[in-house]
Every structure is written in structure tokens, then in C-alpha cells.
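Peer 1: Before we start, here is the structure in question, set down as C-alpha cells.
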There are 2 protein chains.
Amino acid sequence: MSETLNKTTGPVDNSHSPNSYYRALSGEAAKLTSGFWAHRQAVNHKVSLKHGYAMLNKAGNIHNLKLAAGLESGNFRGINFYDETVYKWLEGLGWELGRAPDEELQALADEVISLIAAAQQPNGYLNSYYQVVEPERKWADLDFSHELYCAGHLIQAAIAFKRAVNDERLLEIACHFADHIESVFGFGKKEAACGHPEIEMALVELSRLTGEERYLHLAQFFLDQRGKKKMQGLGANGPEYHQDHVAIREADGVDGHAVRQMYLATAVADLYMETGEQALLETSQRLWEDMTRGKMYITGGIGSRYDGESFGESYELPADQCYCETCAAIGSFFWNWRMLLISGESRYADLMERLLYNGILSSPGLDGVSFFYVNPLMLRNGRYVRLSANPPEEQKSSGRPEWHKVACCPSNTMRLRASLSSYFVTSNDAGFQIHQYSNMAISFKDSQITVETEYPWDGQIKITVTESSDKPWALALRVPGWCQNFGMKINGQDANGSLQKGYVTLERIWKAGDVLEANFAMSPFLVEADPRIDSVRNCVAIQRGPIVYCLEEHDQESGVNLLDIMIDTGAEIISRRQPELLGSVVTLETTGYLSDRSTWQENNLYRPVASEIKKTSSDRKLNLIAIPYYAWGNRGLKSMRVWIPRAPE
Amino acid sequence: MSETLNKTTGPVDNSHSPNSYYRALSGEAAKLTSGFWAHRQAVNHKVSLKHGYAMLNKAGNIHNLKLAAGLESGNFRGINFYDETVYKWLEGLGWELGRAPDEELQALADEVISLIAAAQQPNGYLNSYYQVVEPERKWADLDFSHELYCAGHLIQAAIAFKRAVNDERLLEIACHFADHIESVFGFGKKEAACGHPEIEMALVELSRLTGEERYLHLAQFFLDQRGKKKMQGLGANGPEYHQDHVAIREADGVDGHAVRQMYLATAVADLYMETGEQALLETSQRLWEDMTRGKMYITGGIGSRYDGESFGESYELPADQCYCETCAAIGSFFWNWRMLLISGESRYADLMERLLYNGILSSPGLDGVSFFYVNPLMLRNGRYVRLSANPPEEQKSSGRPEWHKVACCPSNTMRLRASLSSYFVTSNDAGFQIHQYSNMAISFKDSQITVETEYPWDGQIKITVTESSDKPWALALRVPGWCQNFGMKINGQDANGSLQKGYVTLERIWKAGDVLEANFAMSPFLVEADPRIDSVRNCVAIQRGPIVYCLEEHDQESGVNLLDIMIDTGAEIISRRQPELLGSVVTLETTGYLSDRSTWQENNLYRPVASEIKKTSSDRKLNLIAIPYYAWGNRGLKSMRVWIPRAPE
């Protein structure tokens, strides 16, 4: 392996960006050393990635590529985008091999990379469905074919292998395919885009990696194809399903299929980073404002509608019928990362944190071999569960299915987890910036630091300088959006830093042995939602640090129906560290009431208003135990709710 | 036309039922003479049925039958169940020709009946899709083929033509097909049922009409096929989509696709009426309790989920994402009618009234040529509207589409409207019962009465006896479920009737000229929902008589966003008769507040709970104008809401 290998650039390399940008680390890696996320990376390494390989074989994705390669006979299995799942899993493998080399995982990678090479056509084309099933329909059904979408994921996998382990085998395949795509698409050639955005951001990154501007131009071309209203949509959904309802620079809000919208918005931010075109930045900001002001759940999750896996109207955010596809949350994470690099504003890192600990983390089971596709904020007592738009495969004991017919989400969690440290720290000429808190070892130029923390369970952060240059440099720490109160000390003395864009910056000549202690006061608090959100009117949610909590039936007094619970918003909330529970969590305990429903006639779902809503004397006090939302559904599926009605005064 | 023709039996003839049953009128018709419903029947006659014919030509349904008849060439258009729409429209035509003979409509009927005769195969089989497109797949795809479903609608159309105008042409076709079906299906033959229930209730009625018990046995056979969990469902939906999740006698609640569930429940009640099997009655009652206690909107509408057009869990009743398919409401109406005949309990007639004036009536536009498929209880300000699971055809000025790709709903409203008077009155040995109030002329044995009323705008009902036998007979009047206070006078003197099962019964020797005046006090009132319904927590709806009201943006102060409105639950509500508005309605005016949103930071969709929710001093008083829910969307689509947040004290 080359000594000059840039092992830590991660999925985005903006090292050539203007000075004003935060830059994805281009020196040595920021490594997660232990604790919350390192544990989850280890599960990914030991369990999830191998499970992914087994599932890709079981579901037929590998078989399909073997068909295309002429190595097996039989019928194509699954859906025309099944290659994407192989590529996203492989991308995860690439990052993971850079993070923690492993012979067994390396062998899986070698096998599948060889297979992909064998499947590729001499002209560079590569898609097992269209090679095997409908060879005459190549590039003919762009709205639904996912050919360019799959190509984008191939490119991203190739970039991971090049950056993480300097393996260029996939890159060669990907460039060959990209060159073929360039020969087919463009002005005066085929003027169309893929029904599912993805290739755009992949081509921008390929351009960053290879220095080939033509890939950037092709990405720009695809972006500019949108808004022709030519794509047919799905079912009752219009062209917004395919993000073809509006020219991107004219979009005034997020709309349509949430994953498609996120991947497109990510490409918009990416292209702005490369071209500096102001209209693209303004578009990205408009979409972001629209999403965060009316179309986002408290978990960061997005997509209110099962129908079209899509955004709803502003404030249409039902807790029970919400879709919140895992991939949409991950797409938002990618987009926010680019906006953070561009702007340096903590609100983007805040949303990344919200997504990471809630809307994304709820997908994988603690076992590492089961995944939610849909992430609702409420599950009622019910005879059946609808946690996927796609018929799930076998249900694991966690309550999550082991895989899905459309398995975009599990593989997405794998690649994100393997590359996670890339999103925690950045640098600029002045020094570096810590966006997410975890036990880490970080290097920047001549300086090295370690971070020690119990985050997300505790807001104490201890940063120790282990090596330092003799020149002054700056350390910037994000003040989490949830934090009302914080303090910082350097070597035991109060530190005076400047607070800008949500970051405290401390600049000095740091010496080995210097210790910076930050304390972000972390105690439970209640959250209320904009009153225009009907579904949670007069409710509160409980949050502690970045973690959104929920009530799960498992933890409540036996026989209590979560539909009958109200919370006493004036009561104390007690935090309890529970190392043995749900992979080690902090639970919260507070007081509520069990409604006496006997005052409501059983046969009247609706009745004339009798009187003001009052707590009746027969309502019974009871303890409520809340667990982190992300950990729900790991003890079998029972009812769950994030938003809890307030008890009347 | 035969003098002995039973013109008024309507869709259900239970004249052979036990004495304890209410019986669908078997003498002369109860005719709607003028007023609210007579006007709507006239629109159906003059406009809707002809529009239906035009649409059936435009969409290809007629063309498909011509293909099957060998009268035209070309490709099949639309979906494999397109024949059903022809049959339901034709059923409407049949009832209408009995109600109000008309040469133009008769010519349409003659043309289409001849076409259907020409399309039928010599062996009796009849389905244009399977005859033209997949002749080798007949009876091979029962889950989704809709062949038996279409056959059921053919049978119902045939019954209408026989009963209403003594035309037996369709009946001959239908019996030929039914006999063919009997040769294919049954124990030891093909043992399976249709993915969409419908044939069951049709066969029961065909048995009633023809006296052939074998049709009843075939209906029973199909009913008993359910619950094998063999049907595949649709998308992520399981076998409950096709009502195949449970053996019918073991069902403990309504589930799955709402229309399928309603048509099946109707058949269960029908079969109980014929067989007296107690388990069937108990099943029907269990399903009814489950539906009305947790899975029904205030409009009577059902189906909470777009996904699978299905019921949700109990109390999962979002106002904005609700489906409330028109056909499901009509199916519930059919089912409740049978339960009313069986039990004589007013709760079933109450629900029929709730459906009629709200969940069903909201579908057709006032213009008669536009129809909602989905009937939400809230429409937000939005750039696009999703009022159908199926891509709608051209949008009319009313806001409703002129037709739908799946046009089950418009034709359903047509057949119901043409046969409506059949559901308003019943008889038994003691006399007769008035279930729904309208201007009517009713005959029973030797007696005749007229009903005069401004219902649903006024609760005064004047009943005049115009002819009477010289023996005592009883007149029973339903006391509407919404009514808190009523009085009755006979010839100006207080009448003493007995109140049983929700009906006041007055028995005496009635004389020509006797006048019974009933007064059901009608004033606006507020309704609250079971607190377990999250989506409308702390909200109220406004009702007046049987009519559920809504706020539509059209009627409010300009610029007011319906999302910012709260209602003062203590304020007076003033009723105003508005003959020129929306086809003549009573509007309601009351007082509310416009929330001052400036106290809520724009960029915080969620925030820590600051304080108790209080009316802020900057909230502004304003008038709220409510219109009947059914009339919404007739002035172009703007925002609308049925449930209104209560202003804090």
C-alpha cells in the first residue's frame, strides 16, 4: 500500500475548495477509537457486512451478476436495480478495509470485484438486468430503469476502494462505464436523465478523484435535464416522483420521492462546490429551509407519505403513517455534510447529529443483521406491522426484517457506518473543527489530539493534545443545538473562545499535554412541535442531548395501553445509566397519568362536546419509562410512541 | 310493462324474511318528490348518467366490449376490471328508468345491453379483458383478475333491470354467466374465490329474484373460501388486502382493503338473512363494532391508508392522509342497510344517514360531472393535490376530476342515487318505518302518506295521511342519533309514542287528513373525538343535524391560513340559510382566533417546551364561516379542514 495514500479523505474530497470552506480531512484519518460509534463500526465489521454478502446471495443480486458474466445460468432474480445493492455494500467494504483490514472481508471484496469485471461489457456498459433480461431496452426506460443510478453507486464504490485501500480495479471498471455513459448522453446525444438521481453526485466525486473535468460536465448535464415534466411518475404521483417537476434552479421546496430529492439536493450542493454557481447554492438553501421548517420529523427523518415514498405538504407530519425511509435520512446526512463544508454553519452539523442518533440509527437492529426500511414515530397495538413499502424477508427477533425485497436501506447503513469518522472532523488553514463528539484520535499537520467522552450519554468532552507544532492553531468545537449551557476549560482554567456560526474557536500555541475540557450540560428536556403539525398537537417529546426518546410498551407497567397515557409536563425526569439494557443506554423516568376511559362511552367514537378537557379524578398516576428512540423494536415489536399527550392542568 | 311488476323492491328484496325484520318495501315505491335528494336524483338523470356514458366511451370500457363482441378492432384499453364500470353505470340506468322513464336513457341502455349480449361467449363466460387479451388465462389469476367481481356487478345490473322495468335481457345474460360460474367453481371443482368480494352479495340477490337456491349455495361457497391466506396481497399488504387473512366467522375486526371488506361484510349479512346462521350475524356485529369504535371518520368514511386503500389500526384516523374511498362509504351503506333490516336498530340507519350526507355525498361535484375518489377531511395549502390513488383524468372546475383511471366510484354514486328511495322506508306487518327524511310519497297496503320537510336543513317533518285502511297500523319514525330533543304532535295534539330501538312508534286508526308533525330540534353543535385519535387531539368539528361542516378557505377572511385558525368553543354559532350558495345550503358562522405565529421562531419546527400553551394577547379574533363538508371543493380547490383546534382558555 502506498505511503502517500490519502486514507482519510472519505466520500468527499474538497481539498481544493476555497479557504472559506471547511475541508474534509486530507491528512491522517480521524479514527473512532472506542465508545458508542466505534462499537457500531465493529458490529458492522464483524456482522453486518458478512450478513450483507449472505443476503446478496440469497436474494439473487450476486447470481444476477454471474448471469451477466456468463458464469451461471438461470433466470434473473429480483428487480432491475438489484446491482445497486451490491455496489453500496461493496462501498461499505471498501471503507471498512481501509479502516480495519481483514482477510475475510478482503476475500469477499476480491470475489465480487472480479465478478463485476467479468460482467462488464466490452464497451463499458454494466447492468445485469438489461444485459440478461432486456438487452434491447438498454437506455430505453430511463424513468424506471435505474441504469444510471446503479452506475452512480458503482462509481462511489470504486472511489471508496481507491481512497481507502488504493485498489484501482473497480475504478477502472467505473471509469470505463462512465466513459461509455459520456458517449451516449450529452447535448446533441441522448438528452435525458435517470429517474433516480445518484449519478450526479457520483460523477462530481469521480471528477474530484481523477481530475477529469468532463465527469463534472456530465454531472452538470444530468442535473440540467430535470424539470422537463417528461417523466411519468409512479401511480398517482406526478413528475415530482422522479424530481422532474421543476428545473432545479426554480425549485422552491422539497417535494416528491424523498430519497430522490435528497440525492438530487446533494448533487446541487456538490456542483455548487465545484462551479461556484450562486443559483445552485440558493436552491440548496431554499430546499433546506423548506424541509427543516415544515417537512421533517423530530428524528430528522423525512417523507410523510407511503404513497410515492414522498414528502407531504408542510406540517403534514403524522407520527404513525410517516414513512421516514432510512435512505432518505442518509441522503439528508450527505446533503447536510456538503452544506456544512460550504458554510461552516453548525445548523447543518446539528441536523447531521439529529439524523445520526435518531432517524438513521433506528434502522439497524442492535444485532446488526436486521433493518427497518420505514421508521415511524409511533406503532400502535396492532395485529400486523407495516414497516416497509416492500414485502420484507424473514422477520428477526429484533422485530426488524433481515432484508427487504428493495434492500437499499441496509446497504446504505453499512457504507455510512464504515466511513463515519470522515464526517466528524474537518480542517481549514487555521486548524480543525470537531463537529461530532466521540472517542477519537485526530491528526492535523504536525499536531495530534485525542478526544475522550461518554457522548451521547454525557456532555463532557476531554481533548488532549498529544503532539503540536510550535505555531498557533485553532480548535473549533460545535456547540450542539440542543445545548442551553456550556463551559470550556484549558488545563483547568476557564477558556475564552469566540462563538461563531455555532462553534467555539480556541486559538493558541498548543503544547503536548494541554487538555481542553468542554462541558455541554446534558439533561432531559421536553420538546413541543410547531402547532401547525396536527398529529402531535398538545403533545411533547422527550429529548436528552441529541437523543430523542420514546415510550415502548416493554418498559411500562404491564397492561398499560400507550394510547391511554398522558405525561405530566411539570414532573421531574430522572436519567438512569443502564449498561445492560439495549446495548447500554440511558433511560428516562418521569410521571404521567393513565386516562380513565370509562368516562368515554365505548360506542361513541365521536360525541358532542360535553365540557372542557380536564384531568378526571379517576386518572391514575403512573411512572413512564422512556428509552432512546433508535433502540425501539429490539425486544420484539410492541407499541411505541415518541410524542406523548400532555396531561391537562 | 306488467301491472304486477314490483317496481319498488330496490336492490334488496327480503319480503320472505321473518316477521321480526324490517322489510324493503314490496308494494308501491316510496318516491322522493322534491327537495334535497330529489334534486340530486334529477341531476343524476339529466347529467351524470349521460356523462358516464361519454366517459365509458372515452376511457375505452365500451370499446373493450366491442372488441370482445368482434364489432371493433384494436387494442384493449385500461385495466382488466373495466367491465365493472359499465355494469355499475348500467345498474344505475336500470333503477333510473324505473324511477323516471326516459327515451334517451332507454336508448343508451338498449345499445349497451345488446353489446353485452354480443360479447358473451356461447358458454356464458363474459369478461372483455380475458376474452381479448389473455384468453388462455381465464380463471387463472383469481386474486387480481376481477372476473367474478365483474360478474357480480353484471348480476346486480340485471336485477335492477328486472325489478325496475321488468326487462329480462340482462338477466338472461347474467344467469347464463352464473350457471357457467357454477359449472367451474364449487367443492370438487375449482375451490377458490375472487380477490375482490362482490359476487357473493350479487348471487344472494339473484337467488332471491329467481328463487334458485343453488345461487345462494354458490355465494356461501365463495364466502367459505376465504381465510386460506393463499392470496398474495398487493405490494407490502398481506392477504388482508384480498380479505383472505382470516376465515370469515373468526374475523374479529375490519381489516385490509376497505371496499373489499365492506362488500364482504355485506355478503355476510345477506347470507345470515337467508340462512339464519348465528355465527354470521355475530361476525357482522363484531366487524361493525370494531369499525365504528375505532376505524371510522366522522363523515362515516373509512380507510385510513393510501397504502392498500385500507383500514388502519384502531384510532389511526388522520384527517389529511385519510383515504375514505367513496366506494368504501357506499359499501358501508349497503352493509348497514342489511343490518337495519335484520335488527331494526336505529344505529344502522344513523350511520347510513352519516354516510349519505357526508362521506358519500362529498364525492360527486354539484355539477354532476366530476367526482372525488378519495375524500380527505383536510386539504392543506399545497401545490398539488392527491385526491385519488389513481391518476385522475381532466380536473373539472369543481376541483374534482371528471373521471378516474379506476372509475369505480363515479358509477357507484350513480347507481346508489337512482335507487336511493329504496333505503328510506321499510315496512313490517305492523306498519311502516321512516328511516331517512325527505319529501316523499309513500304507499303501504291500503294506506298512503306524504312527507314534507326541509331536511337536512330543518328538523320539522310533516306527515299527512292521504289514504288509510280502517284498521290500526303503526308509523315508526327514527329519532336521529344527533338529535337531543324532539317532539311529536298528531293533528296538533302531543302524541305519545313508544321509543324502541331508536324509533318512536305511533299506532292508531289513521284517517285521511291526519297530520303527524315531528320536530327534531336542529341546532349547530360541536363534536369531539375519542382522545385516542391523535390527529384531531384538542380539536372540534361542527355539526348541524346530520351534516358535518368544514372550513373552506373560500369563505374565510382573505389571506387567513386555515393552519393558523383556532375556534372559540364557547362562542355562539349562527345558522344562515343561503339559497344561492353551493346549490342551497345552511352556512354556520362563529368566532375563532388567528394564531400569532410571530411568537414561534420560524426556523424551529421543534423547540424545548417553554411554557403552557396560552392564548397570546396578539391572537386576533375573527369570524369563521363553515359550509357543509359535502360541498367543499366546488369552487376550485383551496385549503379545507373539518377538525378545528380549540383555542386555549
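Here, A, B, ... name the chains of the C-alpha cells in the order displayed, residue numbers run from 1 inside each chain, and ligands are numbered from 1 in the same displayed order.
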Please find the residues of chain B near chain A - the criterion being any atom within 6 Å, counting only C-alpha atoms - and write them as an NGL selection string.
Peer 2: :B and (236 or 293 or 389-391 or 526-530 or 532 or 534-535 or 563 or 603 or 605-609)
Peer 1: Excluding Tyr21 of chain A and any residue of its chain fewer than 4 positions from it, enumerate the residues within 12 Å of it, using only C-alpha atoms, and give them as a list of chain:residue names.
Peer 2: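 Counting only C-alpha atoms, the residues come to A:Asp13, A:Asn14, A:Ser15, A:His16, A:Ser17, A:Leu25, A:Met273, A:Glu274, A:Trp337, A:Arg338, A:Met339, A:Leu340, A:Leu341, A:Ile342, A:Ser343, A:Gly344, A:Glu345, A:Thr426, A:Ser427, A:Asn428, A:Asp429, A:Ala430, A:Phe432, A:Gln433.
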Peer 1: From the DSSP assignment of the backbone, select every residue of segment 426-463 of chain A that is strand (DSSP E or B), and format the answer as a list in words.
Peer 2: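 Listing strand (DSSP E or B) positions across segment 426-463 of chain A yields Thr426, Ser427, Asn428, Gly431, Phe432, Gln433, Ile434, Asn439, Met440, Ala441, Ile442, Ser443, Phe444, Ser447, Gln448, Ile449, Thr450, Val451, Glu452, Thr453, Gln460, Ile461, Lys462 and Ile463 of chain A.
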Peer 1: Return the single residue from A:Glu282, A:Asp367, A:Asp224, A:Asp143 that is closest to His242 of chain A, with distances computed using only C-alpha atoms.
Peer 2: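 Among the listed residues, the smallest separation from His242 of chain A belongs to A:Asp143.
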Peer 1: Mind giving me the straight-line distance from atom CA of Lys189 of chain A to atom CA of Gln225 of chain A in Å, one decimal?
Peer 2: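 Atom CA of Gln225 of chain A lies at a distance of 12.5 Å from atom CA of Lys189 of chain A.
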Peer 1: So which bits of segment 251-376 of chain A end up helix (DSSP H, G or I) when you DSSP the backbone, as a PyMOL selection string?
Peer 2: chain A and resi 258-275+278-294+307-309+326-343+346-360
Peer 1: Once you have the residues from the selection above, write them out as a tab-separated table (two decimals), in the first residue's frame, restricted to C-alpha atoms.
Peer 2:
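Result went into selection39.tsv, see below:
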```tsv
chain	number	residue	atom	x	y	z
A	258	ALA	CA	-37.76	11.83	-0.52
A	259	VAL	CA	-34.66	9.78	-1.38
A	260	ARG	CA	-34.60	11.08	-4.93
A	261	GLN	CA	-34.99	14.64	-3.61
A	262	MET	CA	-32.11	14.19	-1.14
A	263	TYR	CA	-29.72	12.68	-3.66
A	264	LEU	CA	-30.54	15.47	-6.08
A	265	ALA	CA	-30.06	18.16	-3.43
A	266	THR	CA	-26.70	16.60	-2.55
A	267	ALA	CA	-25.66	16.88	-6.19
A	268	VAL	CA	-26.78	20.51	-6.25
A	269	ALA	CA	-24.53	21.28	-3.29
A	270	ASP	CA	-21.70	19.27	-4.84
A	271	LEU	CA	-21.95	21.13	-8.11
A	272	TYR	CA	-22.04	24.47	-6.32
A	273	MET	CA	-18.81	23.49	-4.53
A	274	GLU	CA	-17.16	22.88	-7.87
A	275	THR	CA	-18.67	25.62	-10.02
A	278	GLN	CA	-24.70	31.10	-6.90
A	279	ALA	CA	-28.11	29.91	-8.14
A	280	LEU	CA	-27.24	26.38	-7.08
A	281	LEU	CA	-26.34	27.47	-3.55
A	282	GLU	CA	-29.53	29.47	-3.30
A	283	THR	CA	-31.54	26.49	-4.49
A	284	SER	CA	-29.90	24.26	-1.94
A	285	GLN	CA	-30.63	26.77	0.82
A	286	ARG	CA	-34.26	27.19	-0.24
A	287	LEU	CA	-34.82	23.46	-0.24
A	288	TRP	CA	-33.17	23.17	3.15
A	289	GLU	CA	-35.30	25.90	4.70
A	290	ASP	CA	-38.44	24.35	3.29
A	291	MET	CA	-37.55	20.91	4.59
A	292	THR	CA	-36.47	21.93	8.07
A	293	ARG	CA	-39.33	24.38	8.61
A	294	GLY	CA	-42.19	22.09	7.77
A	307	ASP	CA	-47.74	6.81	-1.33
A	308	GLY	CA	-44.73	7.55	-3.52
A	309	GLU	CA	-42.35	7.35	-0.51
A	326	THR	CA	-33.74	5.18	6.17
A	327	CYS	CA	-32.18	6.06	2.80
A	328	ALA	CA	-33.87	9.46	2.84
A	329	ALA	CA	-32.34	10.21	6.24
A	330	ILE	CA	-28.94	9.10	4.96
A	331	GLY	CA	-29.40	11.23	1.85
A	332	SER	CA	-30.16	14.22	4.07
A	333	PHE	CA	-26.99	13.44	6.03
A	334	PHE	CA	-24.93	13.54	2.79
A	335	TRP	CA	-26.52	16.80	1.74
A	336	ASN	CA	-26.00	18.46	5.11
A	337	TRP	CA	-22.36	17.41	5.11
A	338	ARG	CA	-21.76	19.31	1.89
A	339	MET	CA	-23.69	22.32	3.19
A	340	LEU	CA	-21.55	22.24	6.33
A	341	LEU	CA	-18.34	22.16	4.31
A	342	ILE	CA	-19.58	25.10	2.26
A	343	SER	CA	-20.94	27.28	5.02
A	346	SER	CA	-23.45	24.45	12.88
A	347	ARG	CA	-27.11	24.07	11.92
A	348	TYR	CA	-26.05	21.58	9.27
A	349	ALA	CA	-23.92	19.62	11.73
A	350	ASP	CA	-26.79	19.79	14.20
A	351	LEU	CA	-29.09	18.14	11.70
A	352	MET	CA	-26.44	15.53	10.89
A	353	GLU	CA	-26.32	14.76	14.60
A	354	ARG	CA	-30.11	14.58	14.82
A	355	LEU	CA	-30.16	12.17	11.89
A	356	LEU	CA	-27.28	10.08	13.09
A	357	TYR	CA	-28.63	9.34	16.57
A	358	ASN	CA	-32.26	9.08	15.62
A	359	GLY	CA	-33.60	8.85	12.07
A	360	ILE	CA	-30.68	6.79	10.75
```
Peer 1: Using only C-alpha atoms, which protein or nucleic acid residues come within 10 Å of segment 472-478 of chain B? Drop anything in the same chain fewer than 2 positions from it, and give the result as a VMD selection string.
Peer 2: chain B and resid 345 to 347 349 to 350 425 to 437 447 468 to 470 480 to 481 497 to 511 516 518
